[in-house]
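Coordinates from target_19.tsv are shown below (TSV, C-alpha atoms and all ligand atoms).
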chain	number	residue	atom	x	y	z
K	1	MET	CA	-21.57	-12.29	4.91
K	2	ARG	CA	-19.99	-12.39	1.44
K	3	VAL	CA	-17.55	-9.50	1.09
K	4	VAL	CA	-15.58	-8.36	-1.91
K	5	VAL	CA	-12.40	-6.38	-1.23
K	6	ILE	CA	-10.89	-4.34	-4.06
K	7	GLY	CA	-7.18	-3.82	-3.39
K	8	ALA	CA	-4.82	-6.10	-1.47
K	9	GLY	CA	-2.40	-3.60	0.07
K	10	MET	CA	-1.93	-3.42	3.81
K	11	ALA	CA	-5.35	-1.83	4.43
K	12	GLY	CA	-7.37	-4.26	2.32
K	13	LEU	CA	-5.55	-7.28	3.73
K	14	ALA	CA	-5.91	-6.10	7.34
K	15	CYS	CA	-9.63	-5.60	6.81
K	16	ALA	CA	-10.07	-8.91	4.97
K	17	GLU	CA	-8.13	-10.88	7.58
K	18	ALA	CA	-10.30	-9.55	10.41
K	19	LEU	CA	-13.49	-10.26	8.44
K	20	ALA	CA	-12.35	-13.78	7.54
K	21	ASP	CA	-11.51	-14.46	11.20
K	22	ARG	CA	-15.13	-13.59	12.02
K	23	GLY	CA	-16.45	-16.07	9.49
K	24	CYS	CA	-17.07	-13.82	6.48
K	25	ALA	CA	-16.50	-15.25	3.01
K	26	VAL	CA	-13.98	-12.79	1.57
K	27	THR	CA	-13.04	-12.48	-2.11
K	28	MET	CA	-10.12	-10.18	-2.92
K	29	PHE	CA	-9.03	-8.73	-6.23
K	30	ASP	CA	-5.83	-6.81	-6.93
K	31	LYS	CA	-4.64	-5.48	-10.25
K	32	GLY	CA	-0.96	-5.95	-9.30
K	33	ARG	CA	1.04	-8.96	-10.42
K	34	GLY	CA	2.06	-9.84	-6.87
K	35	PRO	CA	1.58	-8.90	-3.22
K	36	GLY	CA	2.49	-5.62	-1.56
K	37	GLY	CA	0.73	-2.65	-3.13
K	38	ARG	CA	2.85	0.30	-2.07
K	39	MET	CA	4.91	-2.10	0.09
K	40	SER	CA	5.89	-4.18	-2.89
K	41	THR	CA	9.27	-5.61	-3.76
K	42	ARG	CA	10.69	-5.73	-7.26
K	43	ARG	CA	12.70	-8.83	-8.11
K	44	VAL	CA	14.86	-8.85	-11.22
K	45	GLU	CA	17.16	-11.36	-12.88
K	46	THR	CA	20.51	-9.87	-13.94
K	47	PRO	CA	23.68	-11.47	-15.34
K	48	ALA	CA	25.08	-11.08	-11.81
K	49	GLY	CA	22.16	-12.95	-10.25
K	50	ARG	CA	18.76	-12.24	-8.76
K	51	LEU	CA	18.27	-8.86	-7.15
K	52	SER	CA	15.44	-7.47	-5.07
K	53	PHE	CA	14.50	-3.91	-4.21
K	54	ASP	CA	11.89	-2.53	-1.80
K	55	HIS	CA	10.64	0.07	-4.20
K	56	GLY	CA	7.71	1.48	-2.19
K	57	ALA	CA	7.66	1.89	1.58
K	58	GLN	CA	11.19	1.68	2.95
K	59	TYR	CA	10.35	0.79	6.54
K	60	PHE	CA	7.38	1.17	8.84
K	61	THR	CA	6.80	2.21	12.41
K	62	ALA	CA	4.70	0.36	14.98
K	63	ARG	CA	3.43	2.71	17.67
K	64	ASP	CA	-0.18	1.64	18.11
K	65	PRO	CA	-0.38	-1.22	20.68
K	66	ALA	CA	-2.60	-3.42	18.47
K	67	PHE	CA	-0.36	-2.95	15.43
K	68	LEU	CA	2.76	-3.51	17.54
K	69	ALA	CA	1.27	-6.82	18.76
K	70	GLN	CA	0.66	-7.80	15.12
K	71	VAL	CA	4.21	-6.82	14.18
K	72	ARG	CA	5.58	-8.93	17.05
K	73	ARG	CA	3.61	-11.92	15.74
K	74	TRP	CA	5.13	-11.36	12.30
K	75	GLN	CA	8.54	-11.09	13.92
K	76	GLY	CA	7.97	-14.47	15.58
K	77	GLU	CA	7.26	-15.92	12.12
K	78	GLY	CA	10.40	-14.36	10.62
K	79	LEU	CA	8.41	-12.02	8.39
K	80	VAL	CA	9.69	-8.71	9.80
K	81	ALA	CA	12.72	-7.44	11.69
K	82	PRO	CA	13.64	-4.18	13.41
K	83	TRP	CA	15.83	-1.81	11.41
K	84	THR	CA	17.09	0.66	13.97
K	85	LEU	CA	19.21	2.49	11.40
K	86	ALA	CA	15.95	4.02	10.12
K	87	GLY	CA	14.59	4.77	13.60
K	88	GLU	CA	14.13	3.34	17.08
K	89	ASP	CA	10.69	1.97	16.18
K	90	ALA	CA	11.38	1.12	12.52
K	91	TRP	CA	10.68	-2.30	11.01
K	92	VAL	CA	11.13	-3.92	7.62
K	93	GLY	CA	9.67	-7.05	6.03
K	94	THR	CA	12.18	-9.91	5.71
K	95	PRO	CA	13.63	-11.06	3.39
K	96	ALA	CA	11.70	-8.35	1.49
K	97	MET	CA	9.28	-5.61	2.44
K	98	ASN	CA	6.25	-7.42	1.10
K	99	ALA	CA	6.82	-10.59	3.19
K	100	PRO	CA	3.97	-10.13	5.72
K	101	LEU	CA	1.58	-9.13	2.92
K	102	ALA	CA	2.59	-12.12	0.81
K	103	GLN	CA	1.70	-14.43	3.68
K	104	LEU	CA	-1.65	-12.74	4.28
K	105	ALA	CA	-2.47	-12.70	0.58
K	106	ALA	CA	-1.74	-16.43	0.27
K	107	ARG	CA	-3.95	-17.18	3.25
K	108	LEU	CA	-6.80	-15.10	1.86
K	109	GLY	CA	-6.45	-16.35	-1.71
K	110	VAL	CA	-6.04	-12.92	-3.31
K	111	ARG	CA	-6.65	-12.95	-7.05
K	112	PHE	CA	-3.78	-10.91	-8.49
K	113	ALA	CA	-3.70	-9.47	-12.00
K	114	HIS	CA	-7.47	-8.88	-11.66
K	115	HIS	CA	-8.14	-5.24	-12.48
K	116	VAL	CA	-11.57	-4.17	-11.18
K	117	MET	CA	-13.18	-1.62	-13.48
K	118	GLY	CA	-16.66	-1.36	-11.98
K	119	LEU	CA	-18.58	-1.87	-8.76
K	120	VAL	CA	-22.23	-2.37	-9.59
K	121	ARG	CA	-25.33	-2.52	-7.41
K	122	VAL	CA	-27.30	-5.63	-8.33
K	123	GLY	CA	-30.41	-6.81	-6.45
K	124	GLY	CA	-29.48	-5.24	-3.11
K	125	GLY	CA	-25.91	-6.57	-3.31
K	126	TRP	CA	-22.70	-5.93	-5.22
K	127	GLN	CA	-21.09	-7.22	-8.34
K	128	VAL	CA	-17.61	-6.39	-9.60
K	129	ARG	CA	-16.70	-6.09	-13.26
K	130	LEU	CA	-13.13	-6.80	-14.32
K	131	ALA	CA	-11.06	-5.35	-17.13
K	132	ASP	CA	-11.35	-8.59	-19.09
K	133	GLY	CA	-15.15	-8.33	-18.98
K	134	ALA	CA	-15.70	-11.02	-16.33
K	135	CYS	CA	-18.26	-10.35	-13.56
K	136	HIS	CA	-18.10	-11.67	-10.01
K	137	GLY	CA	-20.78	-11.63	-7.34
K	138	PRO	CA	-23.19	-11.18	-5.81
K	139	PHE	CA	-21.62	-9.92	-2.57
K	140	ASP	CA	-23.39	-8.57	0.52
K	141	ALA	CA	-20.76	-5.90	1.14
K	142	ALA	CA	-17.96	-4.24	-0.81
K	143	VAL	CA	-14.70	-2.77	0.51
K	144	VAL	CA	-12.75	-0.30	-1.58
K	145	ALA	CA	-9.12	-0.40	-0.41
K	146	VAL	CA	-7.27	1.55	-3.10
K	147	PRO	CA	-5.71	5.05	-3.08
K	148	ALA	CA	-8.17	7.98	-2.95
K	149	GLU	CA	-7.77	8.97	-6.58
K	150	GLN	CA	-8.61	5.41	-7.66
K	151	ALA	CA	-11.32	4.93	-4.99
K	152	LEU	CA	-13.24	7.84	-6.42
K	153	ALA	CA	-14.17	5.82	-9.49
K	154	PHE	CA	-15.93	3.27	-7.27
K	155	LEU	CA	-17.38	5.52	-4.56
K	156	GLY	CA	-18.60	8.32	-6.82
K	157	ALA	CA	-21.47	6.30	-8.25
K	158	HIS	CA	-22.84	5.20	-4.88
K	159	ASP	CA	-22.07	7.53	-1.95
K	160	LEU	CA	-21.42	11.23	-2.48
K	161	ALA	CA	-20.17	11.81	1.08
K	162	MET	CA	-17.49	9.17	0.66
K	163	ALA	CA	-16.67	10.43	-2.81
K	164	GLY	CA	-16.26	13.93	-1.37
K	165	ARG	CA	-13.68	12.65	1.08
K	166	ALA	CA	-11.80	10.95	-1.73
K	167	ILE	CA	-11.83	14.11	-3.85
K	168	ALA	CA	-10.44	16.15	-0.95
K	169	ALA	CA	-7.61	13.69	-0.25
K	170	ARG	CA	-4.69	14.63	-2.45
K	171	SER	CA	-1.61	12.45	-2.90
K	172	GLN	CA	1.91	13.45	-3.77
K	173	PRO	CA	3.85	11.39	-6.30
K	174	CYS	CA	7.27	9.86	-5.76
K	175	TRP	CA	9.85	9.00	-8.37
K	176	THR	CA	11.84	5.99	-7.21
K	177	VAL	CA	15.07	4.78	-8.78
K	178	LEU	CA	16.48	1.28	-8.35
K	179	ALA	CA	20.17	0.81	-9.05
K	180	ALA	CA	22.64	-2.05	-8.60
K	181	PHE	CA	26.42	-1.93	-8.86
K	182	ALA	CA	29.10	-4.57	-9.24
K	183	ALA	CA	31.08	-3.25	-6.27
K	184	PRO	CA	30.25	-1.20	-3.14
K	185	LEU	CA	30.02	2.55	-3.64
K	186	PRO	CA	32.00	4.82	-1.30
K	187	VAL	CA	28.87	6.13	0.47
K	188	ALA	CA	29.51	6.10	4.19
K	189	SER	CA	25.95	5.67	5.41
K	190	ASP	CA	23.41	3.02	4.40
K	191	VAL	CA	20.61	5.58	4.85
K	192	VAL	CA	20.58	9.20	3.70
K	193	ARG	CA	17.66	11.60	4.13
K	194	ASP	CA	17.01	14.93	2.43
K	195	HIS	CA	19.98	15.42	0.16
K	196	GLY	CA	19.33	17.61	-2.86
K	197	ALA	CA	16.47	16.09	-4.86
K	198	LEU	CA	16.58	12.96	-2.72
K	199	ALA	CA	14.14	12.62	0.14
K	200	TRP	CA	15.60	9.20	0.85
K	201	ALA	CA	18.43	6.97	-0.32
K	202	ALA	CA	19.14	3.54	1.14
K	203	ARG	CA	21.48	0.67	0.48
K	204	ASN	CA	18.74	-1.94	0.06
K	205	GLY	CA	21.13	-4.85	0.48
K	206	ALA	CA	22.12	-3.61	3.95
K	207	LYS	CA	18.64	-4.07	5.39
K	208	PRO	CA	18.09	-7.01	7.75
K	209	GLY	CA	17.68	-10.37	6.01
K	210	ARG	CA	18.90	-9.18	2.59
K	211	GLU	CA	21.71	-10.81	0.69
K	212	GLY	CA	24.02	-7.83	0.77
K	213	ALA	CA	24.27	-6.97	-2.93
K	214	GLU	CA	25.17	-3.35	-3.70
K	215	THR	CA	21.63	-2.22	-4.46
K	216	TRP	CA	20.29	1.29	-3.90
K	217	VAL	CA	16.78	2.70	-3.68
K	218	LEU	CA	16.61	6.45	-4.34
K	219	GLN	CA	13.37	8.33	-3.70
K	220	ALA	CA	12.80	11.92	-4.76
K	221	GLY	CA	10.79	14.42	-2.74
K	222	GLY	CA	7.12	15.09	-3.51
K	223	SER	CA	7.55	18.51	-5.11
K	224	TRP	CA	10.52	17.40	-7.20
K	225	SER	CA	8.56	14.35	-8.39
K	226	ALA	CA	5.42	16.36	-9.14
K	227	ALA	CA	7.40	18.85	-11.24
K	228	ARG	CA	8.84	15.98	-13.34
K	229	ILE	CA	5.91	13.57	-13.31
K	230	GLU	CA	5.84	13.19	-17.11
K	231	VAL	CA	9.61	13.07	-17.61
K	232	GLU	CA	10.92	9.84	-19.16
K	233	PRO	CA	11.98	7.24	-16.56
K	234	GLU	CA	15.48	6.95	-18.07
K	235	GLN	CA	16.05	10.67	-17.61
K	236	VAL	CA	14.78	10.60	-14.02
K	237	ALA	CA	17.09	7.65	-13.30
K	238	ARG	CA	20.10	9.63	-14.53
K	239	LEU	CA	19.12	12.72	-12.53
K	240	LEU	CA	18.82	10.79	-9.27
K	241	LEU	CA	21.99	8.80	-9.99
K	242	ALA	CA	23.81	12.13	-10.17
K	243	GLU	CA	22.58	12.82	-6.63
K	244	LEU	CA	23.93	9.44	-5.53
K	245	ALA	CA	27.25	10.26	-7.19
K	246	ALA	CA	27.40	13.45	-5.13
K	247	LEU	CA	26.86	11.35	-1.99
K	248	ALA	CA	29.73	9.13	-3.09
K	249	GLY	CA	31.90	12.22	-3.57
K	250	SER	CA	32.38	11.47	-7.24
K	251	SER	CA	31.46	13.21	-10.46
K	252	GLN	CA	30.55	9.91	-12.09
K	253	LEU	CA	29.54	6.53	-10.72
K	254	PRO	CA	30.48	3.20	-12.29
K	255	GLU	CA	27.79	2.06	-14.76
K	256	PRO	CA	25.00	0.30	-12.82
K	257	THR	CA	24.46	-3.39	-13.52
K	258	TYR	CA	20.73	-2.68	-13.20
K	259	LEU	CA	18.89	0.62	-13.40
K	260	ALA	CA	15.17	1.41	-13.43
K	261	ALA	CA	12.84	4.21	-12.40
K	262	HIS	CA	9.33	3.75	-11.06
K	263	ARG	CA	6.74	6.52	-10.97
K	264	TRP	CA	4.40	6.28	-7.97
K	265	ARG	CA	1.60	8.63	-8.95
K	266	TYR	CA	-0.25	8.33	-5.65
K	267	ALA	CA	2.56	7.72	-3.19
K	268	MET	CA	1.78	9.83	-0.14
K	269	SER	CA	-1.72	10.93	0.78
K	270	ALA	CA	-2.34	14.00	2.88
K	271	GLY	CA	-5.04	12.10	4.82
K	272	ALA	CA	-8.78	12.77	5.08
K	273	ALA	CA	-9.31	13.11	8.84
K	274	ALA	CA	-11.18	9.80	9.12
K	275	THR	CA	-10.26	6.24	10.09
K	276	ALA	CA	-12.55	4.33	7.75
K	277	LEU	CA	-15.74	5.01	5.77
K	278	TRP	CA	-18.78	2.77	6.07
K	279	ASN	CA	-22.26	3.07	4.64
K	280	PRO	CA	-24.32	0.42	6.48
K	281	VAL	CA	-27.35	0.83	4.22
K	282	LEU	CA	-25.45	0.01	1.05
K	283	GLY	CA	-22.89	-2.26	2.67
K	284	LEU	CA	-20.13	-0.16	1.14
K	285	GLY	CA	-16.87	0.63	2.91
K	286	ALA	CA	-13.55	2.30	2.19
K	287	CYS	CA	-10.23	1.98	3.97
K	288	GLY	CA	-6.64	2.87	3.23
K	289	ASP	CA	-3.83	5.14	4.20
K	290	TRP	CA	-5.51	8.02	2.36
K	291	LEU	CA	-7.96	8.33	5.28
K	292	LEU	CA	-5.49	8.56	8.15
K	293	GLY	CA	-2.13	9.40	6.64
K	294	PRO	CA	0.61	7.97	4.44
K	295	ARG	CA	2.03	5.24	6.65
K	296	VAL	CA	1.86	1.47	6.63
K	297	GLU	CA	0.73	1.41	10.25
K	298	LEU	CA	-2.14	3.79	9.52
K	299	ALA	CA	-3.24	1.69	6.54
K	300	TRP	CA	-3.44	-1.36	8.83
K	301	LEU	CA	-5.39	0.60	11.47
K	302	SER	CA	-7.81	1.84	8.82
K	303	GLY	CA	-8.47	-1.69	7.55
K	304	ARG	CA	-9.04	-3.01	11.06
K	305	ALA	CA	-11.36	-0.12	11.94
K	306	LEU	CA	-13.50	-0.79	8.88
K	307	ALA	CA	-13.79	-4.51	9.71
K	308	ARG	CA	-15.05	-3.62	13.21
K	309	ARG	CA	-17.67	-1.29	11.79
K	310	MET	CA	-18.85	-3.90	9.30
K	311	GLN	CA	-19.48	-6.47	11.96
K	312	THR	CA	-23.03	-5.32	12.74
K	313	ARG	CA	-24.13	-5.94	9.17
K	314	GLY	CA	-22.53	-9.40	9.24
K	315	ASP	CA	-24.21	-10.22	12.54
K	316	ASN	CA	-27.59	-9.14	11.19
K	317	LEU	CA	-27.17	-11.16	8.00
K	318	ALA	CA	-26.22	-14.21	10.07
K	319	ARG	CA	-29.35	-13.79	12.19
K	320	GLY	CA	-31.53	-13.18	9.14
K	321	GLN	CA	-32.37	-9.67	10.35
K	322	PRO	CA	-32.72	-6.65	8.07
K	323	VAL	CA	-29.55	-4.68	7.52
K	324	MET	CA	-31.22	-1.27	7.10
K	325	GLU	CA	-29.75	0.30	10.22
K	326	GLY	CA	-30.47	3.77	8.87
K	327	MET	CA	-28.09	6.19	7.30
K	328	VAL	CA	-25.36	7.49	9.55
K	329	PRO	CA	-25.11	11.28	9.36
K	330	GLY	CA	-22.19	12.30	7.21
K	331	GLY	CA	-22.31	9.10	5.19
K	332	GLY	CA	-21.01	6.88	7.96
K	333	ILE	CA	-17.69	8.62	8.33
K	334	GLU	CA	-15.90	7.65	11.49
K	335	PRO	CA	-13.80	10.35	13.15
K	336	PRO	CA	-10.08	9.66	13.32
K	337	THR	CA	-8.63	7.93	16.33
K	338	PRO	CA	-6.76	10.37	18.58
K	401	LIG	C1	7.60	5.53	-2.49
K	401	LIG	C2	6.88	5.30	-1.22
K	401	LIG	C3	7.55	5.35	-0.01
K	401	LIG	C4	6.88	5.13	1.18
K	401	LIG	N1	7.57	5.12	2.35
K	401	LIG	C5	6.94	4.77	3.49
K	401	LIG	C6	7.67	4.59	4.69
K	401	LIG	O1	8.89	4.72	4.71
K	401	LIG	N2	6.99	4.26	5.81
K	401	LIG	C7	5.62	4.07	5.81
K	401	LIG	O2	5.04	3.72	6.86
K	401	LIG	N3	4.91	4.21	4.67
K	401	LIG	C8	5.53	4.56	3.53
K	401	LIG	N4	4.82	4.69	2.37
K	401	LIG	C9	3.37	4.62	2.43
K	401	LIG	C10	2.88	3.18	2.53
K	401	LIG	O3	3.45	2.41	1.51
K	401	LIG	C11	1.36	3.20	2.41
K	401	LIG	O4	0.84	4.01	3.45
K	401	LIG	C12	0.67	1.84	2.52
K	401	LIG	O5	1.40	0.82	1.90
K	401	LIG	C13	-0.71	1.99	1.89
K	401	LIG	O6	-1.44	0.79	1.96
K	401	LIG	P1	-2.90	0.74	1.31
K	401	LIG	O7	-3.39	-0.65	1.48
K	401	LIG	O8	-3.71	1.86	1.86
K	401	LIG	O9	-2.70	1.08	-0.24
K	401	LIG	P2	-1.87	0.31	-1.37
K	401	LIG	O10	-0.66	-0.34	-0.81
K	401	LIG	O11	-1.69	1.28	-2.48
K	401	LIG	O12	-2.86	-0.86	-1.84
K	401	LIG	C14	-3.87	-0.64	-2.79
K	401	LIG	C15	-3.93	-1.85	-3.70
K	401	LIG	O13	-5.04	-1.69	-4.58
K	401	LIG	C16	-4.72	-2.22	-5.83
K	401	LIG	N5	-5.63	-1.59	-6.81
K	401	LIG	C17	-5.72	-0.27	-7.14
K	401	LIG	N6	-6.71	-0.10	-8.04
K	401	LIG	C18	-7.24	-1.32	-8.28
K	401	LIG	C19	-8.28	-1.80	-9.13
K	401	LIG	N7	-8.99	-0.98	-9.90
K	401	LIG	N8	-8.54	-3.15	-9.14
K	401	LIG	C20	-7.83	-4.00	-8.36
K	401	LIG	N9	-6.84	-3.59	-7.54
K	401	LIG	C21	-6.54	-2.27	-7.49
K	401	LIG	C22	-3.24	-1.88	-6.03
K	401	LIG	O14	-2.63	-2.76	-6.94
K	401	LIG	C23	-2.71	-2.04	-4.59
K	401	LIG	O15	-2.15	-3.33	-4.37
K	401	LIG	C24	5.49	4.88	1.17
K	401	LIG	C25	4.80	4.82	-0.05
K	401	LIG	C26	5.49	5.01	-1.24
K	401	LIG	C27	4.77	4.90	-2.54

Please render this file's structure as C-alpha cells.
Amino acid sequence: MRVVVIGAGMAGLACAEALADRGCAVTMFDKGRGPGGRMSTRRVETPAGRLSFDHGAQYFTARDPAFLAQVRRWQGEGLVAPWTLAGEDAWVGTPAMNAPLAQLAARLGVRFAHHVMGLVRVGGGWQVRLADGACHGPFDAAVVAVPAEQALAFLGAHDLAMAGRAIAARSQPCWTVLAAFAAPLPVASDVVRDHGALAWAARNGAKPGREGAETWVLQAGGSWSAARIEVEPEQVARLLLAELAALAGSSQLPEPTYLAAHRWRYAMSAGAAATALWNPVLGLGACGDWLLGPRVELAWLSGRALARRMQTRGDNLARGQPVMEGMVPGGGIEPPTP
C-alpha cells in the first residue's frame, strides 16, 4: 500500500513508522524546516555560541504501557531521559526535545519544507499538491496528521463527518518566549508553574543532556495568549520577561544575549473524543493530538491507532481484493480508548 502522510509531528511519525514496519511504502511531507512539529527545538547562533531551546512541548509523560515501552527503547538509544523535576513520569528528548522525532524522520525520509496545499482524489487514489505547484502521487491512502484547524482544509472536501470533528476541536494558542543571559539569574527553581501570565517557565539549560547555558523558555497561559494573539512578538517578549524579572526578585533583568517570541496559534487542542479517524472507502485517515488531547503521548497513541485501523486496507490491496469494506457509521470514527 502506498501511503502519503501530511505532517511529521509525533502522530504522523508514529503512524508512518507502524505502516512502514508492515511493508507499506510511506511518503511524508512536512512544511517545517526540520523535525519536531510542536516538539521542535530552535537552535540559534549567538556571539556567545550556539544555543538551543525546546520551544514547544517542555516534557512528556509516558503512562500507556505501549508508549512507555517505546520511550524505554528511546532511552536505550540515548534519545530521551527522565526529568523528574517536571514530574515523576516526565521525560524529555536528549540532547533536545526533538531527538526521537529527528531519528524517526531520518529513517522515514521525511521531506521537510514541503508545504502541502491540496489533497486531491485522482482515479480512486490520492495526489498531493504542494505550495510550489509540484504534484505527488498516486497514493492508495492518505493520512492527515496536522492540527485540527489545518486538517479541516484537507478533510472538508472529502469526508464531512471527519471535517465536523475537526471543526468542533478548538485549540488554544500559546505565546512562547526564548531568552538567554550571559550569567545565571537569581531564580531559585529551574521550573516554575502558574506565575502571573506565565503558565510555565523553565531553565532550558538545566534539562538532562543540555549544555547548561542560562537559557529560559517562558510560556504564557492560553487565555493570556489568546487575548494578545496579534500583539507584536517584541512586545510579548518584554511582557513575559517582566514576569521572569519578578521571579528573580528584580525590577529589571540584565539585557538578554538572545530574545525571541514564538506564537503557537494551535498549541493545545481540547480533544475530539476519538482516537483516530479512518474512512476505509476513501482510504483517508486523520490522527493527531487534537483527537485525544494535547499531549505528546496521546499524539503517539493516535498515530498508532490509525495505523492499526488502516491495516485491513493494506492487507486487501496486497491480496488484490477490493477495498470497499463499506462505510463505517459515523464516518469511521473510532471511540476514544478508556
Ligand atoms: C507551547 C506548547 C507546549 C506544550 N507542552 C506540552 C507538554 O509539556 N507536554 C506534552 O505532552 N505536550 C505538550 N504540548 C503538546 C504537544 O506538543 C503535542 O500534543 C504534540 O506534539 C502534537 O503532535 P502532532 O503530531 O499531533 O502535531 P504537530 O506536532 O503539530 O505535527 C503536525 C505537523 O504537521 C506539519 N504541517 C501542518 N500543516 C502542514 C501542511 N499543510 N503541509 C505539510 N506539513 C504540515 C507541521 O509542520 C507539523 O510538523 C505542547 C504544545 C505546545 C505548542

Any idea what's packed within 10 Å of Glu297 in chain K, counting only C-alpha atoms, ignoring anything in its chain fewer than 5 positions away? Could you give it as an MDAnalysis selection string?
-> chainID K and resid 10:11 60:64 67:68 71 289 292 302

Kindly work out which residues sit at most 7 Å from ligand LIG 401 (chain K), using all atoms listed in the file, and give the list as a ChimeraX atom specification.
-> /K:6-12,29-32,35-39,55-61,114-117,145-147,150,174,176,219,264,266-268,287-290,293-299

Between K:Gly34, K:Gly118, K:Gly78, K:Gly87, which has the minimum distance to Pro100 in chain K (counting all atoms listed in the file)?
->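 With all atoms listed in the file as the atom set, the closest residue is K:Gly78.
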
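CA of Glu149 in chain K is found 7.9 Å from CA of Ala169 in chain K.
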
So which one's closest to Ala25 in chain K, K:Pro184, K:Gly205, K:Gly137, K:Gly212? Using all atoms listed in the file, please.
->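 Nearest to Ala25 in chain K: K:Gly137.
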